[in-house]
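To start, the structure itself, in structure tokens.
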Amino acid sequence: MFRPLPLFIGLRYSKAKHKNKFVSFISMASIFGIILGVAVLIVGLSAMNGFEKALRDQLLTVIPHAELEVVKGEFKDETAILSKIRAHPGVLGASPYIVMNALLQKDIKMKALQMRAITPESETQVTAIEQYIKQGGWELLSADENSLILGEPVAKQLGIEVGQSLSLLLPQIGSTKLKAPRKFTFILTGTFKMGGQVDTTLGFIHINTAKKMLNLNHATGIAFKVEDVLKAQVLSREVAYSIPVYMYIKSWITSQGYLYQDIQMVKSLMYVILLLVVAVACFNIVSTLVMAVNEKRSDIAILKTMGMGKWSLRAIFMVQGAFNGLMGSLLGALLGIYLASNLSQFFSAVENILGRKFISGDIYFIDYLPSQINYDQVIIITLIAFVMSIVATIYPAWTASNIEPAKELGYSH
């Protein structure tokens, strides 16, 4: 099979044993450095992709993408406004709600949290928190009796179980004086466990129950789900400007956006820092080729006297360096894909060995290390590492092409 002479000689040099063992060591070190850098970069970015996916698929399924709350009073024309929001392009569903800050009491134990009064029939259009309910379900939230659903940590903190009653305390309506709070008796009909702060800061009751408690006829807020979560802020403003009511405009970006921004920032920093690590490993090829050129000076001189041009000589050493870069990039990509595919299992094994939980579900919205491989990123990282290795060959290859045969063969003689 026909192969260009520079390619043939370059591959022979790549596979040949060096007289100087140190050259072989530096060559292997450069390959291992590229393998390690590429693999770590793929694993790190896959972990960040995993966190981003978990944020999108888990946290944003229980938190409304966008919310509109009246500045004062309630939505008088609630039905028409709901229809208008649902018909807006990019909106997938909408549901009315009422939010109130309350104090729960069970015997001598108390817990303050936000009570969200929802419409069970339409809440599934906006959130998927029902799938995290461990006991009971939305159907148990009744407008006829005072029932509520709490996070498992709150229920444990209050020492209450499903079916038992507790007190809900609210401040007096329209009073500026210090008065005894209004007291309502509720029955716990279900508990949920999603993970993170939601479990300890949120509770659910039926919207009709809240209307009776607050003397309201309509909802004070409307939550809706959008098609593109990253456009939630823009879309919520578009929807709000189309409704002639003074409202507060909220979206998940204002409440939980810091998580997404942190993930993006860490991903960018990781990309830059680890690419620099790969660059350092690639430029070890410079040392390898410089020593290889010094070792092959007489061979280069002979090839020149036989008529080989400068670009052909340069190509020989560029092929030799590119071979090391290609091996390191491909092996690093394969190792990175393997580690990223099993990252959650490896992380769990380390936690079991050390007997320590690094990611607590009570603090974060997940209790495991997620991973999602983006093969476009893998290809880009592999190509960048390979291109860096080729760039690293330019100086040694240029040096080799400038060797003067008369001097080298004369000294050899």
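Convention: chains lettered A, B, ... in structure tokens order; per-chain residue numbering from 1; ligands numbered from 1 as shown.
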If we count only C-alpha atoms and set the cut-off at 6 Å, which residues sit around segment 365-374 of chain A, ignoring sequence neighbours fewer than 3 positions away in its own chain? Please answer as a PyMOL selection string. chain A and resi 46-47+49-51+195-196+344+359-361+377
Restricted to all heavy atoms, what would the selected residues look like written as a PDB file, in the first residue's frame?
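Dumped to again34.pdb:
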```
ATOM      1  N   SER A  46     -18.875  16.387  32.067  1.00  0.00           N
ATOM      2  CA  SER A  46     -20.031  15.482  32.151  1.00  0.00           C
ATOM      3  C   SER A  46     -20.743  15.649  33.491  1.00  0.00           C
ATOM      4  O   SER A  46     -21.970  15.598  33.557  1.00  0.00           O
ATOM      5  CB  SER A  46     -19.581  14.028  31.973  1.00  0.00           C
ATOM      6  OG  SER A  46     -19.038  13.820  30.686  1.00  0.00           O
ATOM      7  N   ALA A  47     -19.959  15.841  34.565  1.00  0.00           N
ATOM      8  CA  ALA A  47     -20.565  16.072  35.882  1.00  0.00           C
ATOM      9  C   ALA A  47     -21.353  17.381  35.888  1.00  0.00           C
ATOM     10  O   ALA A  47     -22.477  17.447  36.407  1.00  0.00           O
ATOM     11  CB  ALA A  47     -19.489  16.097  36.963  1.00  0.00           C
ATOM     12  N   ASN A  49     -22.661  18.836  33.250  1.00  0.00           N
ATOM     13  CA  ASN A  49     -23.849  18.582  32.417  1.00  0.00           C
ATOM     14  C   ASN A  49     -24.911  17.830  33.215  1.00  0.00           C
ATOM     15  O   ASN A  49     -26.118  18.073  33.065  1.00  0.00           O
ATOM     16  CB  ASN A  49     -23.469  17.760  31.182  1.00  0.00           C
ATOM     17  CG  ASN A  49     -22.590  18.528  30.218  1.00  0.00           C
ATOM     18  OD1 ASN A  49     -22.585  19.746  30.217  1.00  0.00           O
ATOM     19  ND2 ASN A  49     -21.836  17.817  29.401  1.00  0.00           N
ATOM     20  N   GLY A  50     -24.454  16.890  34.061  1.00  0.00           N
ATOM     21  CA  GLY A  50     -25.373  16.124  34.899  1.00  0.00           C
ATOM     22  C   GLY A  50     -26.104  17.012  35.891  1.00  0.00           C
ATOM     23  O   GLY A  50     -27.319  16.866  36.095  1.00  0.00           O
ATOM     24  N   PHE A  51     -25.373  17.938  36.526  1.00  0.00           N
ATOM     25  CA  PHE A  51     -26.004  18.867  37.463  1.00  0.00           C
ATOM     26  C   PHE A  51     -27.020  19.751  36.737  1.00  0.00           C
ATOM     27  O   PHE A  51     -28.097  20.038  37.259  1.00  0.00           O
ATOM     28  CB  PHE A  51     -24.949  19.741  38.135  1.00  0.00           C
ATOM     29  CG  PHE A  51     -24.324  19.109  39.341  1.00  0.00           C
ATOM     30  CD1 PHE A  51     -22.994  18.734  39.330  1.00  0.00           C
ATOM     31  CD2 PHE A  51     -25.057  18.870  40.494  1.00  0.00           C
ATOM     32  CE1 PHE A  51     -22.411  18.133  40.439  1.00  0.00           C
ATOM     33  CE2 PHE A  51     -24.490  18.286  41.609  1.00  0.00           C
ATOM     34  CZ  PHE A  51     -23.155  17.912  41.577  1.00  0.00           C
ATOM     35  N   GLY A 195     -36.108  16.585  48.073  1.00  0.00           N
ATOM     36  CA  GLY A 195     -34.703  16.847  48.334  1.00  0.00           C
ATOM     37  C   GLY A 195     -34.426  18.342  48.290  1.00  0.00           C
ATOM     38  O   GLY A 195     -35.013  19.081  47.501  1.00  0.00           O
ATOM     39  N   GLY A 196     -33.519  18.788  49.135  1.00  0.00           N
ATOM     40  CA  GLY A 196     -33.176  20.206  49.156  1.00  0.00           C
ATOM     41  C   GLY A 196     -34.083  21.011  50.057  1.00  0.00           C
ATOM     42  O   GLY A 196     -34.817  20.480  50.892  1.00  0.00           O
ATOM     43  N   SER A 344     -21.443   8.054  38.713  1.00  0.00           N
ATOM     44  CA  SER A 344     -22.335   7.964  39.876  1.00  0.00           C
ATOM     45  C   SER A 344     -22.018   6.734  40.718  1.00  0.00           C
ATOM     46  O   SER A 344     -21.989   6.800  41.954  1.00  0.00           O
ATOM     47  CB  SER A 344     -23.798   7.915  39.420  1.00  0.00           C
ATOM     48  OG  SER A 344     -24.138   9.084  38.714  1.00  0.00           O
ATOM     49  N   ILE A 359     -22.767  14.466  49.270  1.00  0.00           N
ATOM     50  CA  ILE A 359     -23.882  15.281  48.779  1.00  0.00           C
ATOM     51  C   ILE A 359     -25.139  14.872  49.537  1.00  0.00           C
ATOM     52  O   ILE A 359     -25.663  13.781  49.336  1.00  0.00           O
ATOM     53  CB  ILE A 359     -24.085  15.091  47.259  1.00  0.00           C
ATOM     54  CG1 ILE A 359     -22.808  15.480  46.506  1.00  0.00           C
ATOM     55  CG2 ILE A 359     -25.265  15.921  46.767  1.00  0.00           C
ATOM     56  CD1 ILE A 359     -22.915  15.291  45.002  1.00  0.00           C
ATOM     57  N   SER A 360     -25.586  15.740  50.420  1.00  0.00           N
ATOM     58  CA  SER A 360     -26.748  15.431  51.250  1.00  0.00           C
ATOM     59  C   SER A 360     -28.028  15.903  50.581  1.00  0.00           C
ATOM     60  O   SER A 360     -28.123  17.050  50.133  1.00  0.00           O
ATOM     61  CB  SER A 360     -26.600  16.098  52.624  1.00  0.00           C
ATOM     62  OG  SER A 360     -27.775  15.943  53.381  1.00  0.00           O
ATOM     63  N   GLY A 361     -29.017  15.017  50.503  1.00  0.00           N
ATOM     64  CA  GLY A 361     -30.306  15.370  49.921  1.00  0.00           C
ATOM     65  C   GLY A 361     -31.069  16.386  50.743  1.00  0.00           C
ATOM     66  O   GLY A 361     -31.993  17.028  50.241  1.00  0.00           O
ATOM     67  N   GLN A 377     -19.147  17.666  22.942  1.00  0.00           N
ATOM     68  CA  GLN A 377     -18.039  18.173  23.755  1.00  0.00           C
ATOM     69  C   GLN A 377     -16.846  17.224  23.708  1.00  0.00           C
ATOM     70  O   GLN A 377     -15.698  17.672  23.649  1.00  0.00           O
ATOM     71  CB  GLN A 377     -18.491  18.354  25.205  1.00  0.00           C
ATOM     72  CG  GLN A 377     -19.449  19.497  25.430  1.00  0.00           C
ATOM     73  CD  GLN A 377     -19.881  19.632  26.883  1.00  0.00           C
ATOM     74  OE1 GLN A 377     -19.707  18.716  27.679  1.00  0.00           O
ATOM     75  NE2 GLN A 377     -20.462  20.761  27.224  1.00  0.00           N
TER      76      GLN A 377
END
```
Would you list the contacts of segment 28-36 of chain A as a short mmCIF file (atom, residue, chain, number, x, y, z; two decimals) with N, CA, C and O atoms, in the first residue's frame, taking every protein, DNA or RNA residue within 7 Å and counting only C-alpha atoms, but skipping same-chain residues closer than 2 positions in sequence?
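Output below, filename part-v7.cif:
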```cif
data_model
loop_
_atom_site.label_atom_id
_atom_site.label_comp_id
_atom_site.auth_asym_id
_atom_site.auth_seq_id
_atom_site.Cartn_x
_atom_site.Cartn_y
_atom_site.Cartn_z
N SER A 24 12.48 8.38 25.54
CA SER A 24 11.32 7.48 25.60
C SER A 24 10.43 7.82 26.78
O SER A 24 9.20 7.80 26.68
N PHE A 25 11.08 8.13 27.92
CA PHE A 25 10.32 8.48 29.12
C PHE A 25 9.50 9.75 28.90
O PHE A 25 8.31 9.80 29.23
N ILE A 26 10.13 10.78 28.33
CA ILE A 26 9.42 12.05 28.08
C ILE A 26 8.29 11.83 27.09
O ILE A 26 7.19 12.39 27.22
N VAL A 38 -7.33 15.01 29.00
CA VAL A 38 -8.56 14.85 28.21
C VAL A 38 -9.62 14.10 29.02
O VAL A 38 -10.79 14.50 29.04
N ALA A 39 -9.21 13.03 29.71
CA ALA A 39 -10.17 12.23 30.49
C ALA A 39 -10.78 13.06 31.62
O ALA A 39 -12.00 13.03 31.82
N VAL A 40 -9.94 13.79 32.35
CA VAL A 40 -10.45 14.60 33.47
C VAL A 40 -11.38 15.70 32.96
O VAL A 40 -12.41 15.99 33.58
N VAL A 278 -4.09 20.21 29.52
CA VAL A 278 -3.86 19.45 28.28
C VAL A 278 -2.78 20.13 27.45
O VAL A 278 -1.92 19.45 26.85
N ALA A 281 0.60 19.27 28.77
CA ALA A 281 0.95 17.90 28.39
C ALA A 281 1.34 17.83 26.92
O ALA A 281 2.30 17.13 26.56
N CYS A 282 0.61 18.56 26.08
CA CYS A 282 0.93 18.56 24.65
C CYS A 282 2.31 19.15 24.38
O CYS A 282 3.05 18.65 23.52
N ASN A 284 4.83 18.95 26.15
CA ASN A 284 5.90 17.99 26.47
C ASN A 284 6.41 17.33 25.20
O ASN A 284 7.54 16.83 25.15
N ILE A 285 5.56 17.35 24.17
CA ILE A 285 5.97 16.81 22.87
C ILE A 285 7.13 17.62 22.31
O ILE A 285 8.00 17.07 21.60
N ASN A 324 1.86 10.86 18.77
CA ASN A 324 1.73 10.89 20.24
C ASN A 324 0.46 11.61 20.67
O ASN A 324 -0.27 11.17 21.56
N GLY A 325 0.17 12.75 20.00
CA GLY A 325 -1.03 13.51 20.33
C GLY A 325 -2.30 12.74 20.02
O GLY A 325 -3.26 12.77 20.79
N MET A 327 -2.66 9.42 19.85
CA MET A 327 -2.79 8.33 20.81
C MET A 327 -3.33 8.84 22.15
O MET A 327 -4.26 8.27 22.72
N GLY A 328 -2.75 9.94 22.64
CA GLY A 328 -3.18 10.50 23.92
C GLY A 328 -4.61 10.99 23.88
O GLY A 328 -5.40 10.75 24.80
N SER A 329 -4.99 11.66 22.77
CA SER A 329 -6.35 12.21 22.65
C SER A 329 -7.40 11.11 22.60
O SER A 329 -8.42 11.18 23.30
N LEU A 331 -7.11 7.80 23.46
CA LEU A 331 -7.16 7.00 24.70
C LEU A 331 -7.77 7.82 25.84
O LEU A 331 -8.53 7.28 26.65
N GLY A 332 -7.47 9.11 25.89
CA GLY A 332 -8.06 9.98 26.91
C GLY A 332 -9.57 10.10 26.74
O GLY A 332 -10.32 10.09 27.72
#
```
Can you pull out every residue from segment 159-229 of chain A that DSSP, working from the backbone, puts in strand (DSSP E or B), and format the result as number ranges by chain? A: 165-170, 182-192, 202-206, 221-226
Write a file of the just-selected residues containing C-alpha atoms, as a JSON list (two decimals), in the first residue's frame.
```json
[["chain", "number", "residue", "atom", "x", "y", "z"],
["A", 165, "SER", "CA", -54.14, 16.74, 63.14],
["A", 166, "LEU", "CA", -52.13, 19.90, 63.80],
["A", 167, "SER", "CA", -52.74, 23.62, 64.11],
["A", 168, "LEU", "CA", -52.05, 26.27, 61.48],
["A", 169, "LEU", "CA", -51.61, 29.83, 62.79],
["A", 170, "LEU", "CA", -52.15, 32.97, 60.70],
["A", 182, "ARG", "CA", -56.05, 32.97, 64.08],
["A", 183, "LYS", "CA", -55.91, 29.24, 64.63],
["A", 184, "PHE", "CA", -57.08, 26.54, 62.20],
["A", 185, "THR", "CA", -57.05, 22.78, 62.64],
["A", 186, "PHE", "CA", -55.72, 20.73, 59.69],
["A", 187, "ILE", "CA", -55.27, 17.02, 59.03],
["A", 188, "LEU", "CA", -52.04, 15.79, 57.43],
["A", 189, "THR", "CA", -53.12, 13.78, 54.36],
["A", 190, "GLY", "CA", -49.74, 13.25, 52.69],
["A", 191, "THR", "CA", -45.98, 13.88, 52.73],
["A", 192, "PHE", "CA", -43.50, 14.52, 49.93],
["A", 202, "LEU", "CA", -43.11, 24.45, 51.54],
["A", 203, "GLY", "CA", -46.53, 22.98, 52.35],
["A", 204, "PHE", "CA", -49.71, 22.54, 50.28],
["A", 205, "ILE", "CA", -53.41, 23.09, 50.97],
["A", 206, "HIS", "CA", -56.47, 23.36, 48.73],
["A", 221, "GLY", "CA", -51.29, 34.43, 41.83],
["A", 222, "ILE", "CA", -51.01, 32.39, 38.64],
["A", 223, "ALA", "CA", -48.14, 29.99, 37.99],
["A", 224, "PHE", "CA", -47.35, 28.71, 34.53],
["A", 225, "LYS", "CA", -44.99, 26.34, 32.79],
["A", 226, "VAL", "CA", -43.01, 27.35, 29.69]]
```
Can you tell me which residues surround Val71 of chain A at a distance of at most 10 Å, considering only C-alpha atoms, apart from same-chain residues fewer than 4 positions away, and format the answer as an NGL selection string? :A and (220-221 or 245-249)
Residues within 8 Å of segment 78-84 of chain A, please, as a list in words. Count only C-alpha atoms; anything in the same chain fewer than 5 positions from it doesn't count. Ala94, Ser95, Pro96, His218, Ala219, Ile222 and Ile243 of chain A
Top pick for closest residue to Thr254 of chain A, considering A:Leu148, A:Leu113, A:Ile63, A:Met291 and counting only C-alpha atoms: A:Ile63
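Using only C-alpha atoms, the nearest neighbour of Leu150 of chain A within the list A:Asp262, A:Glu52, A:Asp199, A:Glu74 is A:Asp199.
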